[in-house]
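The next block is entry16.cif, given as mmCIF, C-alpha atoms and all ligand atoms.
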```cif
data_upload
#
loop_
_atom_site.label_atom_id
_atom_site.label_comp_id
_atom_site.auth_asym_id
_atom_site.auth_seq_id
_atom_site.Cartn_x
_atom_site.Cartn_y
_atom_site.Cartn_z
CA MET A 1367 -86.96 -30.45 131.47
CA ASN A 1368 -88.22 -33.14 133.86
CA LEU A 1369 -86.10 -33.85 136.89
CA LEU A 1370 -87.00 -37.51 137.05
CA SER A 1371 -87.13 -40.19 134.38
CA ASN A 1372 -90.47 -41.72 133.48
CA ARG A 1373 -89.00 -44.97 134.74
CA ALA A 1374 -88.40 -43.54 138.20
CA LYS A 1375 -91.79 -41.85 138.25
CA SER A 1376 -93.56 -45.09 137.40
CA LEU A 1377 -92.13 -46.83 140.46
CA LYS A 1378 -93.47 -46.80 143.98
CA PRO A 1379 -91.34 -47.95 146.90
CA SER A 1380 -91.59 -51.58 147.99
CA PRO A 1381 -94.78 -51.63 150.14
CA THR A 1382 -93.48 -54.26 152.53
CA LEU A 1383 -90.48 -52.08 153.38
CA ALA A 1384 -92.83 -49.06 153.75
CA ILE A 1385 -95.08 -50.84 156.30
CA ASN A 1386 -92.08 -51.90 158.33
CA ALA A 1387 -90.75 -48.34 158.30
CA LYS A 1388 -94.09 -47.01 159.61
CA ALA A 1389 -94.24 -49.68 162.33
CA LYS A 1390 -90.64 -48.91 163.34
CA SER A 1391 -91.31 -45.18 163.50
CA MET A 1392 -94.33 -45.81 165.79
CA GLN A 1393 -92.12 -48.01 167.95
CA ALA A 1394 -89.52 -45.25 168.11
CA GLN A 1395 -92.26 -43.00 169.52
CA GLY A 1396 -92.74 -45.49 172.33
CA ILE A 1397 -95.83 -47.19 170.89
CA HIS A 1398 -95.74 -50.96 171.32
CA VAL A 1399 -96.43 -52.19 167.81
CA ILE A 1400 -96.50 -55.88 167.03
CA SER A 1401 -95.19 -56.42 163.56
CA PHE A 1402 -96.29 -59.21 161.26
CA GLY A 1403 -94.78 -57.18 158.45
CA ALA A 1404 -91.20 -58.37 158.17
CA GLY A 1405 -90.11 -60.76 155.46
CA GLU A 1406 -87.09 -61.87 157.45
CA PRO A 1407 -86.36 -64.48 160.08
CA ASP A 1408 -86.23 -63.12 163.62
CA PHE A 1409 -83.28 -65.42 164.39
CA ASP A 1410 -79.67 -64.32 164.41
CA THR A 1411 -77.25 -65.49 161.71
CA PRO A 1412 -75.70 -68.78 162.96
CA ASP A 1413 -72.29 -68.49 164.66
CA ASN A 1414 -70.32 -70.63 162.19
CA ILE A 1415 -71.37 -68.20 159.42
CA LYS A 1416 -70.38 -65.16 161.45
CA ARG A 1417 -67.02 -66.75 162.22
CA ALA A 1418 -66.36 -67.32 158.51
CA ALA A 1419 -67.02 -63.62 157.89
CA LYS A 1420 -64.73 -62.54 160.74
CA LYS A 1421 -62.02 -64.82 159.42
CA ALA A 1422 -62.42 -63.31 155.94
CA ILE A 1423 -61.80 -59.86 157.40
CA ASP A 1424 -58.83 -61.01 159.49
CA ASP A 1425 -57.34 -62.78 156.46
CA GLY A 1426 -57.59 -59.57 154.45
CA PHE A 1427 -60.19 -61.03 152.11
CA THR A 1428 -61.51 -57.53 151.58
CA LYS A 1429 -60.76 -56.75 147.95
CA TYR A 1430 -62.70 -57.00 144.68
CA THR A 1431 -63.56 -60.57 143.71
CA PRO A 1432 -64.56 -61.88 140.29
CA VAL A 1433 -67.80 -60.11 139.28
CA GLY A 1434 -69.98 -63.23 139.40
CA GLY A 1435 -68.64 -64.62 142.68
CA ILE A 1436 -65.68 -66.58 144.06
CA ASP A 1437 -65.14 -70.20 143.02
CA GLU A 1438 -65.46 -71.40 146.62
CA LEU A 1439 -69.02 -70.06 146.82
CA LYS A 1440 -69.94 -71.15 143.30
CA ASP A 1441 -68.78 -74.67 144.18
CA ALA A 1442 -70.85 -74.65 147.37
CA ILE A 1443 -73.87 -73.60 145.26
CA ILE A 1444 -73.15 -76.29 142.67
CA ASN A 1445 -72.95 -78.92 145.44
CA LYS A 1446 -76.20 -77.66 146.95
CA PHE A 1447 -78.08 -78.08 143.66
CA LYS A 1448 -76.53 -81.52 143.13
CA LYS A 1449 -77.43 -82.71 146.64
CA ASP A 1450 -80.90 -81.18 146.95
CA SER A 1451 -82.25 -81.30 143.40
CA GLN A 1452 -79.93 -83.68 141.51
CA LEU A 1453 -79.11 -80.80 139.18
CA THR A 1454 -75.64 -80.47 137.66
CA TYR A 1455 -74.28 -77.02 136.87
CA LYS A 1456 -70.87 -75.73 135.82
CA ARG A 1457 -69.30 -72.64 137.39
CA SER A 1458 -70.08 -70.74 134.19
CA GLU A 1459 -73.79 -71.47 134.79
CA ILE A 1460 -73.83 -69.87 138.27
CA LEU A 1461 -73.89 -66.16 139.08
CA VAL A 1462 -73.66 -64.73 142.60
CA SER A 1463 -75.41 -61.37 143.07
CA CYS A 1464 -76.26 -58.93 145.86
CA GLY A 1465 -79.38 -60.76 147.10
CA GLY A 1466 -82.07 -62.82 145.41
CA LYS A 1467 -83.76 -59.59 144.41
CA HIS A 1468 -80.65 -58.51 142.54
CA SER A 1469 -80.46 -61.94 140.88
CA PHE A 1470 -84.01 -61.53 139.57
CA TYR A 1471 -83.34 -57.94 138.52
CA ASN A 1472 -80.25 -58.89 136.51
CA LEU A 1473 -82.10 -61.78 134.95
CA ALA A 1474 -85.00 -59.55 133.89
CA GLN A 1475 -82.54 -57.08 132.37
CA ALA A 1476 -80.79 -59.91 130.55
CA ILE A 1477 -83.77 -61.65 128.96
CA PHE A 1478 -86.71 -59.25 128.55
CA ASP A 1479 -87.27 -56.89 125.68
CA GLN A 1480 -90.02 -54.36 125.10
CA GLY A 1481 -93.28 -56.22 124.55
CA ASP A 1482 -92.21 -59.56 126.03
CA GLU A 1483 -94.99 -60.97 128.16
CA VAL A 1484 -94.16 -62.48 131.52
CA ILE A 1485 -96.77 -64.56 133.30
CA ILE A 1486 -96.88 -63.93 137.04
CA PRO A 1487 -99.39 -65.90 139.10
CA ALA A 1488 -101.10 -63.80 141.80
CA PRO A 1489 -100.69 -63.52 144.74
CA TYR A 1490 -97.10 -62.69 143.80
CA TRP A 1491 -94.03 -61.34 145.54
CA VAL A 1492 -94.34 -57.56 145.32
CA SER A 1493 -91.13 -57.00 143.39
CA TYR A 1494 -91.78 -59.25 140.36
CA PRO A 1495 -94.07 -56.93 138.35
CA PRO A 1496 -91.92 -53.78 138.81
CA MET A 1497 -88.70 -55.60 137.98
CA VAL A 1498 -90.25 -57.08 134.84
CA ALA A 1499 -91.62 -53.67 133.86
CA LEU A 1500 -88.28 -51.93 134.52
CA ALA A 1501 -86.74 -54.30 131.99
CA GLY A 1502 -89.40 -53.36 129.42
CA GLY A 1503 -91.40 -56.56 129.80
CA THR A 1504 -95.16 -56.71 130.30
CA PRO A 1505 -96.34 -58.49 133.45
CA VAL A 1506 -99.35 -60.70 132.74
CA ILE A 1507 -101.02 -61.38 136.05
CA VAL A 1508 -102.95 -64.64 136.36
CA ALA A 1509 -105.14 -64.94 139.45
CA THR A 1510 -105.14 -68.11 141.53
CA THR A 1511 -107.69 -69.07 144.17
CA GLU A 1512 -107.61 -70.00 147.82
CA LYS A 1513 -109.57 -73.13 146.88
CA ASN A 1514 -106.74 -74.15 144.52
CA GLU A 1515 -104.18 -73.50 147.25
CA PHE A 1516 -103.06 -70.36 145.41
CA LYS A 1517 -101.49 -72.43 142.62
CA ILE A 1518 -101.79 -71.60 138.95
CA THR A 1519 -103.71 -74.29 137.07
CA PRO A 1520 -102.35 -75.70 133.80
CA GLU A 1521 -105.58 -74.53 132.09
CA ASP A 1522 -105.20 -70.95 133.29
CA LEU A 1523 -101.54 -70.97 132.32
CA ARG A 1524 -102.36 -72.22 128.83
CA LYS A 1525 -105.04 -69.54 128.42
CA ALA A 1526 -102.64 -66.77 129.45
CA MET A 1527 -99.99 -67.77 126.95
CA THR A 1528 -99.61 -65.91 123.68
CA PRO A 1529 -96.88 -65.88 121.02
CA LYS A 1530 -95.33 -63.01 123.02
CA THR A 1531 -94.97 -65.03 126.23
CA LYS A 1532 -91.32 -65.13 127.16
CA ALA A 1533 -91.43 -66.54 130.68
CA LEU A 1534 -93.48 -67.82 133.58
CA VAL A 1535 -92.47 -66.82 137.10
CA MET A 1536 -92.81 -69.61 139.66
CA ASN A 1537 -92.25 -69.09 143.37
CA SER A 1538 -92.55 -72.20 145.49
CA PRO A 1539 -92.88 -72.02 148.46
CA SER A 1540 -94.49 -68.68 147.89
CA ASN A 1541 -94.26 -65.26 149.37
CA PRO A 1542 -97.01 -64.23 150.32
CA THR A 1543 -99.12 -67.40 150.61
CA GLY A 1544 -96.62 -70.08 151.70
CA SER A 1545 -98.21 -72.36 149.12
CA ALA A 1546 -95.83 -74.90 147.55
CA TYR A 1547 -96.13 -76.95 144.37
CA THR A 1548 -95.83 -80.74 144.57
CA LYS A 1549 -93.93 -82.73 141.95
CA LYS A 1550 -97.25 -83.67 140.37
CA ASP A 1551 -98.34 -80.00 140.18
CA LEU A 1552 -95.02 -79.09 138.56
CA GLU A 1553 -95.21 -81.87 135.99
CA LYS A 1554 -98.51 -80.48 134.74
CA ILE A 1555 -97.10 -76.95 134.55
CA ALA A 1556 -93.98 -78.25 132.79
CA GLU A 1557 -96.12 -79.94 130.15
CA VAL A 1558 -97.66 -76.59 129.20
CA VAL A 1559 -94.30 -74.80 129.31
CA VAL A 1560 -92.70 -77.36 126.98
CA SER A 1561 -95.60 -77.31 124.53
CA LYS A 1562 -95.57 -73.49 124.39
CA ASN A 1563 -91.81 -73.07 124.48
CA CYS A 1564 -91.26 -70.40 127.10
CA PHE A 1565 -88.82 -69.97 129.98
CA VAL A 1566 -89.52 -70.56 133.64
CA ILE A 1567 -87.98 -68.36 136.29
CA SER A 1568 -88.08 -70.49 139.41
CA ASP A 1569 -87.62 -68.50 142.62
CA GLU A 1570 -86.64 -71.14 145.16
CA ILE A 1571 -85.53 -68.89 147.99
CA TYR A 1572 -87.91 -70.57 150.51
CA GLU A 1573 -86.92 -74.10 149.46
CA LYS A 1574 -85.67 -75.13 152.90
CA ILE A 1575 -88.54 -73.66 154.88
CA VAL A 1576 -91.14 -76.42 154.49
CA TYR A 1577 -93.27 -78.31 157.01
CA ASP A 1578 -94.77 -81.71 157.75
CA GLY A 1579 -92.28 -83.52 155.54
CA PHE A 1580 -93.21 -81.60 152.38
CA GLN A 1581 -90.87 -82.65 149.57
CA PHE A 1582 -89.54 -79.64 147.72
CA VAL A 1583 -88.99 -80.23 144.00
CA SER A 1584 -87.32 -77.86 141.56
CA ILE A 1585 -89.16 -77.65 138.23
CA ALA A 1586 -85.71 -77.64 136.59
CA SER A 1587 -85.12 -81.19 137.83
CA LEU A 1588 -88.09 -82.71 135.99
CA SER A 1589 -86.26 -83.29 132.69
CA GLU A 1590 -83.24 -82.15 130.67
CA GLU A 1591 -85.59 -80.02 128.63
CA MET A 1592 -87.00 -78.29 131.72
CA LYS A 1593 -83.49 -77.69 133.01
CA LYS A 1594 -82.70 -75.86 129.75
CA LYS A 1595 -85.85 -73.78 130.02
CA THR A 1596 -85.48 -72.91 133.72
CA ILE A 1597 -83.45 -70.24 135.39
CA ILE A 1598 -83.33 -70.71 139.16
CA VAL A 1599 -83.17 -67.69 141.42
CA HIS A 1600 -82.10 -68.44 144.98
CA GLY A 1601 -80.34 -66.93 147.99
CA VAL A 1602 -79.10 -67.40 151.54
CA ALA A 1603 -81.23 -64.66 153.16
CA LYS A 1604 -84.22 -66.66 154.35
CA THR A 1605 -82.69 -70.08 155.05
CA TYR A 1606 -79.74 -68.82 157.09
CA ALA A 1607 -81.21 -65.65 158.62
CA MET A 1608 -78.83 -63.62 156.45
CA THR A 1609 -81.10 -60.93 155.03
CA GLY A 1610 -78.58 -58.16 155.66
CA TRP A 1611 -75.66 -59.94 154.05
CA ARG A 1612 -77.08 -59.56 150.55
CA ILE A 1613 -76.14 -62.72 148.72
CA GLY A 1614 -78.36 -64.29 146.08
CA TYR A 1615 -77.57 -66.57 143.18
CA THR A 1616 -78.80 -67.69 139.80
CA ALA A 1617 -78.40 -71.00 138.00
CA GLY A 1618 -79.14 -71.21 134.29
CA SER A 1619 -77.67 -71.57 130.84
CA GLU A 1620 -74.20 -70.23 130.21
CA GLU A 1621 -75.53 -67.74 127.68
CA ILE A 1622 -77.99 -66.15 130.11
CA VAL A 1623 -75.60 -66.23 133.07
CA SER A 1624 -72.88 -64.61 131.00
CA ALA A 1625 -75.26 -61.80 129.92
CA MET A 1626 -76.24 -61.26 133.56
CA ASN A 1627 -72.58 -61.20 134.50
CA ASN A 1628 -72.01 -58.40 131.99
CA ILE A 1629 -74.91 -56.40 133.42
CA GLN A 1630 -73.60 -56.92 136.94
CA SER A 1631 -70.10 -55.90 135.83
CA GLN A 1632 -71.46 -52.52 134.73
CA SER A 1633 -73.55 -51.90 137.83
CA THR A 1634 -72.65 -53.36 141.23
CA SER A 1635 -69.58 -55.47 140.33
CA ASN A 1636 -69.03 -58.32 142.77
CA PRO A 1637 -71.17 -58.90 145.86
CA THR A 1638 -69.31 -58.20 149.13
CA SER A 1639 -66.25 -60.42 149.46
CA ILE A 1640 -66.86 -61.05 153.17
CA ALA A 1641 -70.52 -61.99 152.66
CA GLN A 1642 -69.46 -64.41 149.92
CA LYS A 1643 -67.14 -66.24 152.33
CA ALA A 1644 -69.92 -66.33 154.93
CA SER A 1645 -72.37 -67.70 152.35
CA ALA A 1646 -69.95 -70.44 151.31
CA GLU A 1647 -69.87 -71.53 154.96
CA ALA A 1648 -73.67 -71.26 155.18
CA LEU A 1649 -74.18 -73.61 152.24
CA ALA A 1650 -71.33 -76.03 152.88
CA GLY A 1651 -71.25 -76.02 156.70
CA PRO A 1652 -73.51 -77.69 159.28
CA GLN A 1653 -77.25 -77.26 158.72
CA SER A 1654 -78.48 -77.95 162.26
CA GLU A 1655 -79.39 -74.28 162.92
CA VAL A 1656 -81.64 -74.29 159.85
CA GLU A 1657 -83.45 -77.33 161.19
CA LYS A 1658 -84.02 -75.56 164.52
CA MET A 1659 -85.39 -72.44 162.82
CA VAL A 1660 -87.72 -74.46 160.60
CA LEU A 1661 -88.99 -76.38 163.61
CA ALA A 1662 -89.82 -73.10 165.38
CA PHE A 1663 -91.48 -71.65 162.25
CA GLY A 1664 -93.56 -74.82 161.94
CA GLN A 1665 -94.88 -74.53 165.51
CA ARG A 1666 -95.77 -70.89 164.93
CA ARG A 1667 -97.49 -71.72 161.64
CA ASN A 1668 -99.72 -74.29 163.35
CA TYR A 1669 -100.64 -71.80 166.06
CA ILE A 1670 -101.30 -68.82 163.81
CA VAL A 1671 -103.38 -70.75 161.26
CA ASP A 1672 -105.45 -72.30 164.00
CA ARG A 1673 -106.08 -68.97 165.75
CA LEU A 1674 -106.94 -67.12 162.53
CA ASN A 1675 -109.41 -69.78 161.46
CA LYS A 1676 -111.19 -69.43 164.82
CA ILE A 1677 -111.85 -65.72 164.26
CA PRO A 1678 -115.41 -65.33 162.94
CA GLY A 1679 -115.46 -64.47 159.24
CA VAL A 1680 -111.75 -65.22 158.65
CA SER A 1681 -110.42 -68.12 156.61
CA CYS A 1682 -106.76 -69.02 156.47
CA TYR A 1683 -105.13 -71.54 154.16
CA LYS A 1684 -102.55 -73.73 155.93
CA PRO A 1685 -99.38 -73.31 153.91
CA ALA A 1686 -96.71 -75.95 153.27
CA GLY A 1687 -93.79 -73.55 153.49
CA ALA A 1688 -92.19 -70.09 153.89
CA PHE A 1689 -93.07 -68.04 157.00
CA TYR A 1690 -96.22 -66.24 155.89
CA VAL A 1691 -99.94 -66.77 156.18
CA PHE A 1692 -102.40 -65.10 153.88
CA PRO A 1693 -105.81 -65.00 155.61
CA ASN A 1694 -108.96 -63.81 153.89
CA PHE A 1695 -110.54 -60.92 155.81
CA SER A 1696 -112.90 -59.77 153.08
CA SER A 1697 -116.05 -60.54 155.09
CA TYR A 1698 -115.14 -57.44 157.14
CA TYR A 1699 -115.08 -55.16 154.10
CA GLY A 1700 -118.07 -52.83 154.13
CA LYS A 1701 -118.01 -52.57 157.95
CA SER A 1702 -117.07 -49.34 159.72
CA TYR A 1703 -115.02 -48.09 162.64
CA ARG A 1704 -116.16 -44.76 164.13
CA GLY A 1705 -117.94 -43.87 160.90
CA LYS A 1706 -114.99 -44.79 158.70
CA LYS A 1707 -115.76 -47.55 156.25
CA ILE A 1708 -113.26 -50.33 155.60
CA GLU A 1709 -113.47 -51.14 151.94
CA ASN A 1710 -110.28 -53.00 151.11
CA SER A 1711 -107.09 -54.60 152.38
CA THR A 1712 -105.27 -51.26 152.66
CA HIS A 1713 -108.02 -49.76 154.83
CA LEU A 1714 -107.99 -52.86 157.03
CA ALA A 1715 -104.18 -52.83 157.38
CA ASP A 1716 -104.35 -49.13 158.37
CA PHE A 1717 -107.09 -49.96 160.87
CA PHE A 1718 -104.98 -52.78 162.37
CA LEU A 1719 -101.97 -50.48 162.70
CA ASP A 1720 -103.86 -47.50 164.11
CA VAL A 1721 -106.33 -49.29 166.37
CA ALA A 1722 -104.75 -52.67 167.20
CA ARG A 1723 -101.15 -51.48 166.82
CA VAL A 1724 -100.42 -54.49 164.69
CA ALA A 1725 -98.59 -54.25 161.36
CA VAL A 1726 -99.69 -56.48 158.48
CA VAL A 1727 -99.22 -56.03 154.73
CA PRO A 1728 -102.34 -55.45 152.60
CA GLY A 1729 -103.08 -58.24 150.12
CA VAL A 1730 -103.60 -55.74 147.30
CA GLU A 1731 -99.82 -55.23 147.20
CA PHE A 1732 -99.50 -58.90 146.23
CA GLY A 1733 -102.33 -58.69 143.71
CA ALA A 1734 -105.05 -60.16 145.98
CA ASP A 1735 -107.21 -57.62 147.80
CA PRO A 1736 -109.37 -59.94 149.97
CA PHE A 1737 -106.29 -60.89 152.01
CA GLU A 1738 -103.65 -59.58 154.43
CA ARG A 1739 -100.16 -61.03 154.69
CA LEU A 1740 -98.89 -61.89 158.15
CA SER A 1741 -95.30 -62.97 158.61
CA TYR A 1742 -94.78 -65.30 161.57
CA ALA A 1743 -91.04 -64.75 161.59
CA THR A 1744 -91.56 -63.23 165.00
CA ALA A 1745 -91.55 -64.51 168.60
CA MET A 1746 -94.44 -66.73 169.75
CA GLU A 1747 -95.43 -64.28 172.56
CA ASP A 1748 -95.77 -61.53 169.95
CA ILE A 1749 -97.80 -63.76 167.66
CA ARG A 1750 -100.17 -64.56 170.53
CA GLU A 1751 -100.51 -60.92 171.58
CA GLY A 1752 -100.84 -59.70 167.98
CA LEU A 1753 -103.66 -62.13 167.29
CA ASN A 1754 -105.42 -61.14 170.52
CA ARG A 1755 -105.25 -57.53 169.37
CA ILE A 1756 -106.53 -58.33 165.87
CA GLU A 1757 -109.39 -60.36 167.30
CA GLU A 1758 -110.38 -57.58 169.69
CA ALA A 1759 -110.09 -54.86 167.03
CA LEU A 1760 -112.32 -56.76 164.61
CA LYS A 1761 -115.07 -56.77 167.27
CA GLU A 1762 -115.06 -52.97 167.06
CA LEU A 1763 -116.21 -53.09 163.43
CA SER A 1764 -119.92 -52.82 162.72
N1 LIG B 1 -87.83 -63.87 146.32
C1 LIG B 1 -88.83 -63.85 147.21
C2 LIG B 1 -90.06 -64.62 146.92
C3 LIG B 1 -88.72 -63.10 148.38
O1 LIG B 1 -89.72 -63.09 149.27
C4 LIG B 1 -87.56 -62.34 148.60
C5 LIG B 1 -87.43 -61.47 149.79
O2 LIG B 1 -88.37 -61.02 150.38
C6 LIG B 1 -86.54 -62.42 147.65
C7 LIG B 1 -86.71 -63.18 146.51
C8 LIG B 1 -85.26 -61.64 147.75
O3 LIG B 1 -84.52 -61.86 148.87
P1 LIG B 1 -83.09 -61.20 149.06
O4 LIG B 1 -82.91 -60.15 148.02
O5 LIG B 1 -83.11 -60.65 150.44
O6 LIG B 1 -82.10 -62.32 148.89
#
```
Take the structure in the file and write it out as structure tokens.
Ligand code: PLP
Amino acid sequence: MNLLSNRAKSLKPSPTLAINAKAKSMQAQGIHVISFGAGEPDFDTPDNIKRAAKKAIDDGFTKYTPVGGIDELKDAIINKFKKDSQLTYKRSEILVSCGGKHSFYNLAQAIFDQGDEVIIPAPYWVSYPPMVALAGGTPVIVATTEKNEFKITPEDLRKAMTPKTKALVMNSPSNPTGSAYTKKDLEKIAEVVVSKNCFVISDEIYEKIVYDGFQFVSIASLSEEMKKKTIIVHGVAKTYAMTGWRIGYTAGSEEIVSAMNNIQSQSTSNPTSIAQKASAEALAGPQSEVEKMVLAFGQRRNYIVDRLNKIPGVSCYKPAGAFYVFPNFSSYYGKSYRGKKIENSTHLADFFLDVARVAVVPGVEFGADPFERLSYATAMEDIREGLNRIEEALKELS
């Protein structure tokens, strides 16, 4: 008898978490590692949010809540969608889960059957393909190009669609590229989606982290028909520096949300009561801290993109949002360090960690091997020092 299920055996741990763990263990040994690995803001959760959590504890708000979230938080989410995207949802169309990842997981479990094809543009967030596969769906990866700003083209989308296509996963702004779709881009995608009759899962978790006046648009807001076809996955983690609080949410049709609610009721039950109260304050309270964080991210983005593009043989797309850059280092593949050849993004990431003591995440994990992902959710001094180290280390390759 096998100890582990085939399902468990088919999974590998999230690579981004693995890189961070290695960097942290080096740091624990006293090695000064600069980490561009983390997918979380380096800022602290704003005080008004912490106060709401403390109040929840003091008020004894520490018991089970309804599985899909408290009305106060659902209403804050409903108001957010109304204000930001002119989308109207009922409470029965909103589900609060234990992080955006959990929202996506529940959704995949609720709508995918064996053999359903799910189109995922690459580079993609590392967890989409495994979560689709865990639900029995088949990820269909469609490559995008740096030249096309890492956006799927309507032609490529049309070509990838078959009668088995159940959904397209959209993530704008994107992890790992920071690329974001304009309204015009989305209209063209929506045209294909409507003509082929599939769902769109729109992961909008980086909605608020955009630069230079970029106008975020939700694909669900383009028409009534697109609203029916779209399920939005969102969360408070990135916008409010609340990664540890574990609150995500979904907006979609009552039928889908109710199925997800059932799945959640048989697994985690409600997300933490205290974190729900804190998230209601995050969404409904003052937003000035978010503005400050985005301003700081924007300055770092300008610096990091500029520096990377000055390194010989490196090209880096300037993203419209999120807090990642995705530079192309492939001109260094084939070169060697002390007789060891660097052939791909994993080798290069290992080289950066071992020689430069800088943690980055290999592009292959996001389905794009010529690249490395660098998160700039880290202090400016560290960004400067980390880039100095990368630049120096690359000179060692011949
Ligand atoms: N979606 C994207 C694109 C992400 O990058 C992440 C986190 O890295 C998530 C969803 C999930 O975030 P959380 O589960 O922390 O809310």
- [ ] Produce as a list in words the set of residues near ligand LIG 1 (chain B), where near means within 7 Å with all atoms listed in the file considered.
- [x] Gly1405, Gly1465, Gly1466, Lys1467, His1468, Trp1491, Asn1537, Ser1540, Asn1541, Asp1569, Ile1571, Gly1601, Val1602, Ala1603, Thr1609, Arg1612, Ile1613 and Gly1614 of chain A
Non-local contacts of Ala1442 (chain A) (7 Å; all atoms listed in the file; under 5 positions in same chain excluded) as a PDB file with C-alpha atoms, in the frame of the given file:
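Saved the output as selection20.pdb:
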```pdb
ATOM      1  CA  ALA A1646     -69.950 -70.440 151.310  1.00  0.00           C
ATOM      2  CA  LEU A1649     -74.180 -73.610 152.240  1.00  0.00           C
ATOM      3  CA  ALA A1650     -71.330 -76.030 152.880  1.00  0.00           C
TER       4      ALA A1650
END
```
- [ ] Find the spatial neighbours of Thr1511 (chain A), counting only C-alpha atoms, within a cut-off of 12 Å - ignore same-chain residues fewer than 5 positions away - and output them as an MDAnalysis selection string.
- [x] chainID A and resid 1487:1489 1516:1519 1522 1543 1545 1683 1692 1694 1733:1734 1736:1737
Open item on the list: I'd like the contact shell of Asn1710 (chain A) - 12 Å cut-off, only C-alpha atoms, skipping same-chain residues fewer than 5 positions apart - returned as a VMD selection string.
Closed with: chain A and resid 1694 to 1702 1715 to 1717 1728 to 1731 1734 to 1738
Task: Minimum-distance residue to Gly1426 (chain A), chosen among A:Met1659, A:Ala1387, A:Ile1555, A:Ile1640 (using all atoms listed in the file) - done: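 Nearest candidate to Gly1426 (chain A) out of A:Met1659, A:Ala1387, A:Ile1555, A:Ile1640: A:Ile1640.
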TODO: Would you please work out which residue, of A:Ser1654, A:Asn1472, A:Ser1587, A:Thr1531, is nearest to Asn1628 (chain A) when using all atoms listed in the file?
DONE: A:Asn1472
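Of the listed residues A:Lys1525, A:Tyr1572, A:Ile1567, A:Ser1631, the one whose atoms come nearest to Pro1407 (chain A) is A:Tyr1572, with distances taken using only C-alpha atoms.
Distances from A:Phe1409, A:Phe1718, A:Phe1732, A:Tyr1669 to Val1492 (chain A) were compared using only C-alpha atoms, and the smallest one belongs to A:Phe1732.
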